[in-house]
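Engineer: Would you mind keeping the following structure in view while I ask a few things?
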Amino acid sequence: MARNGLQSGKAKEGRETTLNLENCQCPKCIHPDTMQRISDTFSIPQDVKIESIEHSDNMVEVKWSDNHLGLYPYAWLYAHAQKGINKTNPVPYPPFGLRRSFTPVMDPDQSPRVKYDDVMSDDESLHVWLSHIWDQGFCFVDDVPINPEATQYLIERIAFIRNTHYGGFWDFTADLTFKDTAYTNEFLGAHTDNTYFTDPARLQLFHLLSHTEGSGGENLLIDGFAAAHQLRCESQEDYAQLVYHRQPWHASGNEDICIQPSAMAPVFSMHPDMNKMYQIRWNNYDRAPKTNWSVSEQTSWYRAARHYNEILQTREMWTKLKPGSALIFDNWRMLHGRSQFTGKRRMCGGYVNNDDYISRLRLLKFGRKEVLDNLGNVRNNSQNPYYFI
């Protein structure tokens with residue numbers, strides 16, 4: 001018998017699960033509207049124990065020794081069934097594999113596309129749109145009205161727009177309003193945005209409103225997950241360098257801005273629960289000097305970074321943005337860039353946070369009940385809502 005009511009029990013399917021008083025799902029313990037815990041964990045008697053267990057069609061009722069009647073739906077018990085605790089031993093190289101399966105696209109003619117009116121009016125079409133972003137890493141939205149207002153509504157169909165030092169919704173030209181290469185007409189190499197944030201934005205949307213009196217400005221996309229997978233196949237050691245060596249990043253162009261993440265971060269971030277890669281930070285423009293490494297470590301990291309860069313260059317996909325067709329992509333996966341251009345180019349768009357995008361996708365795919373039943377379930381299973389992260 002463990003303290004605070006932690007006790008091993010069995011779900012309906014016979015799997016071991018943790019029946020504890022703190023995790024009771026009754027309305028006295030979980031607020032029925034906010035779904036937040038409202039019971040006082042620290043008032044639970046340390047010697048509390050199970051007095052009796054009753055089973056119904058969809059619920060386990062547990063009478064505790066402090067007279068509390070605990071309710072535990074079978075779906076909740078199944079989602080939180082224990083399969084034993086996996087102890088991770090140190091390994092010379094990171095585990096093989098990405099956070100999830102993915103479908104790389106290298107042919108612009110095979111690009112996923114949806115219609116503006118569909119995603120704006122129908123949740124099933126919205127689900128298809130967000131699933132394309134999850135599966136292929138990006139998606140075009142066609143027949144977007146060529147004005148910033150319609151584009152803003154499109155982003156907000158997913159969630160609220162993230163505000164940064166660039167503002168919220170952007171409507172900009174190459175005027176260096178912000179001291180960043182994106183606000184010039186120069187070539188912009190493949191990169192991910194927000195490497196300098198502790199929490200980089202997940203989604204990024206661009207809509208070209210106009211391009212007059214010039215040419216160029218083709219858009220570059222590269223699937224960073226596919227390139228990372230290739231790197232891991234070609235050299236486990238190089239892959240490991242980009243996982244284990246954390247780098248400093250910064251945004252310091254404007255005089256009132258000098259943003260750095262709360263901690264240095266590697267190019268490839270490994271998920272702490274799944275031991276698989278789930279996020280890429282790759283931006284040679286924003287990488288700051290690193291001081292806490294030896295000459296040999298530097299040599300190994302630059303060799304690995306050069307190897308990854310060579311792979312990226314073989315996986316380039318160039319497209320031409322046009323008014324009426326918005327591009328949205330996963331900034332944790334896809335690298336983007338732009339060729340040099342001349343003339344006057346007006347672009348609008350914005351960022352969406354990871355948590356808001358994934359919340360929307362989970363609820364559309366699984367429904368609210370299943371998502372709530374799986375709160376805290378971190379098993380690596382594509383049928384687990386937490387798998388979508």
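Identifiers in this document derive from the order of the structure tokens: chains are assigned A, B, ..., residues are numbered from 1 separately in each chain, and ligands are numbered from 1 in order of occurrence.
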Could you tell me, as a list in words, which residues of stretch 241-291 of chain A DSSP assigns to alpha helix (DSSP H) when given the backbone?

Structural biologist: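 Alpha helix (DSSP H) members of stretch 241-291 of chain A, listed: Gln241, Leu242, Val243 and Tyr244 of chain A.
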
Engineer: Take the residues that were just selected and, keeping all heavy atoms, output them as a PDB file, in the first residue's frame.

Structural biologist:
ATOM      1  N   GLN A 241      25.778  14.428 -33.278  1.00  0.00           N
ATOM      2  CA  GLN A 241      26.350  15.752 -33.026  1.00  0.00           C
ATOM      3  C   GLN A 241      25.270  16.830 -33.015  1.00  0.00           C
ATOM      4  O   GLN A 241      25.305  17.763 -32.207  1.00  0.00           O
ATOM      5  CB  GLN A 241      27.395  16.091 -34.104  1.00  0.00           C
ATOM      6  CG  GLN A 241      28.650  15.236 -34.065  1.00  0.00           C
ATOM      7  CD  GLN A 241      29.460  15.468 -32.802  1.00  0.00           C
ATOM      8  OE1 GLN A 241      29.566  16.582 -32.321  1.00  0.00           O
ATOM      9  NE2 GLN A 241      30.039  14.399 -32.272  1.00  0.00           N
ATOM     10  N   LEU A 242      24.301  16.717 -33.914  1.00  0.00           N
ATOM     11  CA  LEU A 242      23.260  17.736 -34.013  1.00  0.00           C
ATOM     12  C   LEU A 242      22.169  17.539 -32.970  1.00  0.00           C
ATOM     13  O   LEU A 242      21.325  18.421 -32.782  1.00  0.00           O
ATOM     14  CB  LEU A 242      22.654  17.742 -35.420  1.00  0.00           C
ATOM     15  CG  LEU A 242      23.646  18.018 -36.565  1.00  0.00           C
ATOM     16  CD1 LEU A 242      22.907  18.180 -37.884  1.00  0.00           C
ATOM     17  CD2 LEU A 242      24.512  19.241 -36.286  1.00  0.00           C
ATOM     18  N   VAL A 243      22.204  16.397 -32.280  1.00  0.00           N
ATOM     19  CA  VAL A 243      21.281  16.162 -31.172  1.00  0.00           C
ATOM     20  C   VAL A 243      21.889  16.630 -29.855  1.00  0.00           C
ATOM     21  O   VAL A 243      21.228  17.306 -29.057  1.00  0.00           O
ATOM     22  CB  VAL A 243      20.915  14.661 -31.072  1.00  0.00           C
ATOM     23  CG1 VAL A 243      20.177  14.362 -29.765  1.00  0.00           C
ATOM     24  CG2 VAL A 243      20.068  14.236 -32.257  1.00  0.00           C
ATOM     25  N   TYR A 244      23.158  16.294 -29.628  1.00  0.00           N
ATOM     26  CA  TYR A 244      23.745  16.480 -28.301  1.00  0.00           C
ATOM     27  C   TYR A 244      24.364  17.851 -28.081  1.00  0.00           C
ATOM     28  O   TYR A 244      24.429  18.324 -26.947  1.00  0.00           O
ATOM     29  CB  TYR A 244      24.787  15.394 -28.036  1.00  0.00           C
ATOM     30  CG  TYR A 244      24.187  14.012 -27.873  1.00  0.00           C
ATOM     31  CD1 TYR A 244      24.747  12.902 -28.492  1.00  0.00           C
ATOM     32  CD2 TYR A 244      23.045  13.818 -27.105  1.00  0.00           C
ATOM     33  CE1 TYR A 244      24.194  11.642 -28.349  1.00  0.00           C
ATOM     34  CE2 TYR A 244      22.485  12.554 -26.961  1.00  0.00           C
ATOM     35  CZ  TYR A 244      23.073  11.477 -27.574  1.00  0.00           C
ATOM     36  OH  TYR A 244      22.515  10.230 -27.423  1.00  0.00           O
TER      37      TYR A 244
END

Engineer: Fewer than 4 positions away in the same chain doesn't count, so skip those; otherwise give me all residues within 9 Å of A:Thr314, counting only C-alpha atoms, as JSON, numbers by chain.

Structural biologist: {"A": [227, 309, 310]}

Engineer: Please dump the current selection as a PDB file, in the first residue's frame; keep N, CA, C and O atoms.

Structural biologist:
ATOM      1  N   ALA A 227      15.351  15.050 -44.365  1.00  0.00           N
ATOM      2  CA  ALA A 227      16.798  15.245 -44.428  1.00  0.00           C
ATOM      3  C   ALA A 227      17.486  14.694 -43.182  1.00  0.00           C
ATOM      4  O   ALA A 227      18.573  14.106 -43.263  1.00  0.00           O
ATOM      5  N   ASN A 309      23.744  20.064 -44.205  1.00  0.00           N
ATOM      6  CA  ASN A 309      23.511  21.113 -45.185  1.00  0.00           C
ATOM      7  C   ASN A 309      23.582  20.569 -46.613  1.00  0.00           C
ATOM      8  O   ASN A 309      22.795  20.957 -47.487  1.00  0.00           O
ATOM      9  N   GLU A 310      24.517  19.660 -46.845  1.00  0.00           N
ATOM     10  CA  GLU A 310      24.639  19.057 -48.181  1.00  0.00           C
ATOM     11  C   GLU A 310      23.383  18.252 -48.516  1.00  0.00           C
ATOM     12  O   GLU A 310      22.903  18.280 -49.662  1.00  0.00           O
TER      13      GLU A 310
END

Engineer: What's around A:Ala159 at 7 Å? Count only C-alpha atoms, leave out sequence neighbours fewer than 5 positions away in its own chain, and write the answer as an mmCIF file with all heavy atoms, in the first residue's frame.

Structural biologist:
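File written: out10.cif
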data_model
loop_
_atom_site.group_PDB
_atom_site.id
_atom_site.type_symbol
_atom_site.label_atom_id
_atom_site.label_comp_id
_atom_site.auth_asym_id
_atom_site.auth_seq_id
_atom_site.Cartn_x
_atom_site.Cartn_y
_atom_site.Cartn_z
ATOM 1 N N VAL A 352 1.301 30.727 -35.651
ATOM 2 C CA VAL A 352 0.396 30.074 -34.704
ATOM 3 C C VAL A 352 1.247 29.213 -33.779
ATOM 4 O O VAL A 352 2.162 28.518 -34.221
ATOM 5 C CB VAL A 352 -0.653 29.193 -35.418
ATOM 6 C CG1 VAL A 352 -1.478 28.400 -34.403
ATOM 7 C CG2 VAL A 352 -1.567 30.048 -36.290
ATOM 8 N N ASP A 356 -1.685 25.515 -29.598
ATOM 9 C CA ASP A 356 -3.008 25.835 -30.135
ATOM 10 C C ASP A 356 -3.310 25.030 -31.394
ATOM 11 O O ASP A 356 -4.430 24.554 -31.593
ATOM 12 C CB ASP A 356 -3.088 27.333 -30.417
ATOM 13 C CG ASP A 356 -2.799 28.139 -29.165
ATOM 14 O OD1 ASP A 356 -3.588 28.059 -28.221
ATOM 15 O OD2 ASP A 356 -1.761 28.821 -29.121
ATOM 16 N N TYR A 357 -2.302 24.878 -32.259
ATOM 17 C CA TYR A 357 -2.471 24.048 -33.462
ATOM 18 C C TYR A 357 -2.761 22.600 -33.089
ATOM 19 O O TYR A 357 -3.710 21.980 -33.594
ATOM 20 C CB TYR A 357 -1.203 24.145 -34.319
ATOM 21 C CG TYR A 357 -1.004 23.030 -35.310
ATOM 22 C CD1 TYR A 357 -1.981 22.699 -36.248
ATOM 23 C CD2 TYR A 357 0.183 22.297 -35.328
ATOM 24 C CE1 TYR A 357 -1.781 21.667 -37.167
ATOM 25 C CE2 TYR A 357 0.397 21.278 -36.246
ATOM 26 C CZ TYR A 357 -0.592 20.960 -37.154
ATOM 27 O OH TYR A 357 -0.387 19.947 -38.051
#

Engineer: Might you pull out every residue within 9 Å of A:Ile133, with only C-alpha atoms counted and same-chain residues fewer than 4 positions away left off, and present them as JSON, numbers by chain?

Structural biologist: {"A": [112, 128, 129, 137, 138, 139, 203, 328, 329, 330]}

Engineer: For A:Ile155, please output as an mmCIF file with C-alpha atoms, in the first residue's frame all residues within 12 Å (counting only C-alpha atoms; exclusion window: fewer than 2 positions along the same chain).

Structural biologist:
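What landed in part03.cif:
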data_model
loop_
_atom_site.group_PDB
_atom_site.id
_atom_site.type_symbol
_atom_site.label_atom_id
_atom_site.label_comp_id
_atom_site.auth_asym_id
_atom_site.auth_seq_id
_atom_site.Cartn_x
_atom_site.Cartn_y
_atom_site.Cartn_z
ATOM 1 C CA TYR A 116 -10.387 28.700 -48.757
ATOM 2 C CA VAL A 119 -11.791 25.328 -44.611
ATOM 3 C CA MET A 120 -13.595 28.493 -43.548
ATOM 4 C CA LEU A 126 -10.455 22.144 -41.524
ATOM 5 C CA TRP A 129 -6.178 21.007 -43.903
ATOM 6 C CA LEU A 130 -4.512 20.555 -40.518
ATOM 7 C CA VAL A 141 -4.852 27.185 -49.573
ATOM 8 C CA VAL A 144 -8.004 33.109 -50.867
ATOM 9 C CA PRO A 148 -5.032 40.971 -45.626
ATOM 10 C CA GLU A 149 -8.372 40.709 -43.816
ATOM 11 C CA ALA A 150 -9.303 37.392 -45.459
ATOM 12 C CA THR A 151 -5.819 36.039 -44.802
ATOM 13 C CA GLN A 152 -6.042 36.960 -41.142
ATOM 14 C CA TYR A 153 -9.414 35.203 -40.882
ATOM 15 C CA ARG A 157 -9.636 29.604 -38.275
ATOM 16 C CA ILE A 158 -6.940 27.515 -36.594
ATOM 17 C CA ALA A 159 -6.269 29.613 -33.499
ATOM 18 C CA PHE A 160 -5.265 33.083 -32.398
ATOM 19 C CA ILE A 161 -2.229 34.623 -34.072
ATOM 20 C CA ARG A 162 0.952 34.647 -32.054
ATOM 21 C CA GLY A 168 0.859 39.831 -34.701
ATOM 22 C CA PHE A 169 -0.524 39.666 -38.220
ATOM 23 C CA TRP A 170 2.096 40.863 -40.728
ATOM 24 C CA LEU A 203 2.883 27.181 -37.916
ATOM 25 C CA GLN A 204 3.761 29.960 -40.334
ATOM 26 C CA LEU A 205 1.542 31.293 -43.117
ATOM 27 C CA PHE A 206 2.513 33.470 -46.080
ATOM 28 C CA HIS A 207 0.200 35.063 -48.621
ATOM 29 C CA ALA A 326 -1.558 31.045 -49.278
ATOM 30 C CA LEU A 327 1.189 28.721 -48.033
ATOM 31 C CA ILE A 328 1.192 27.362 -44.489
ATOM 32 C CA PHE A 329 3.897 25.078 -43.111
ATOM 33 C CA CYS A 348 1.090 39.117 -45.312
ATOM 34 C CA GLY A 349 0.822 36.279 -42.814
ATOM 35 C CA GLY A 350 1.432 35.238 -39.243
ATOM 36 C CA TYR A 351 2.450 32.588 -36.712
ATOM 37 C CA VAL A 352 0.396 30.074 -34.704
ATOM 38 C CA ASN A 353 1.694 28.464 -31.505
ATOM 39 C CA ASP A 356 -3.008 25.835 -30.135
ATOM 40 C CA TYR A 357 -2.471 24.048 -33.462
#

Engineer: In Å, how far is it from atom CA of A:Ala201 to atom CA of A:Glu186?

Structural biologist: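 Computing it gives 23.6 Å between the two atoms.
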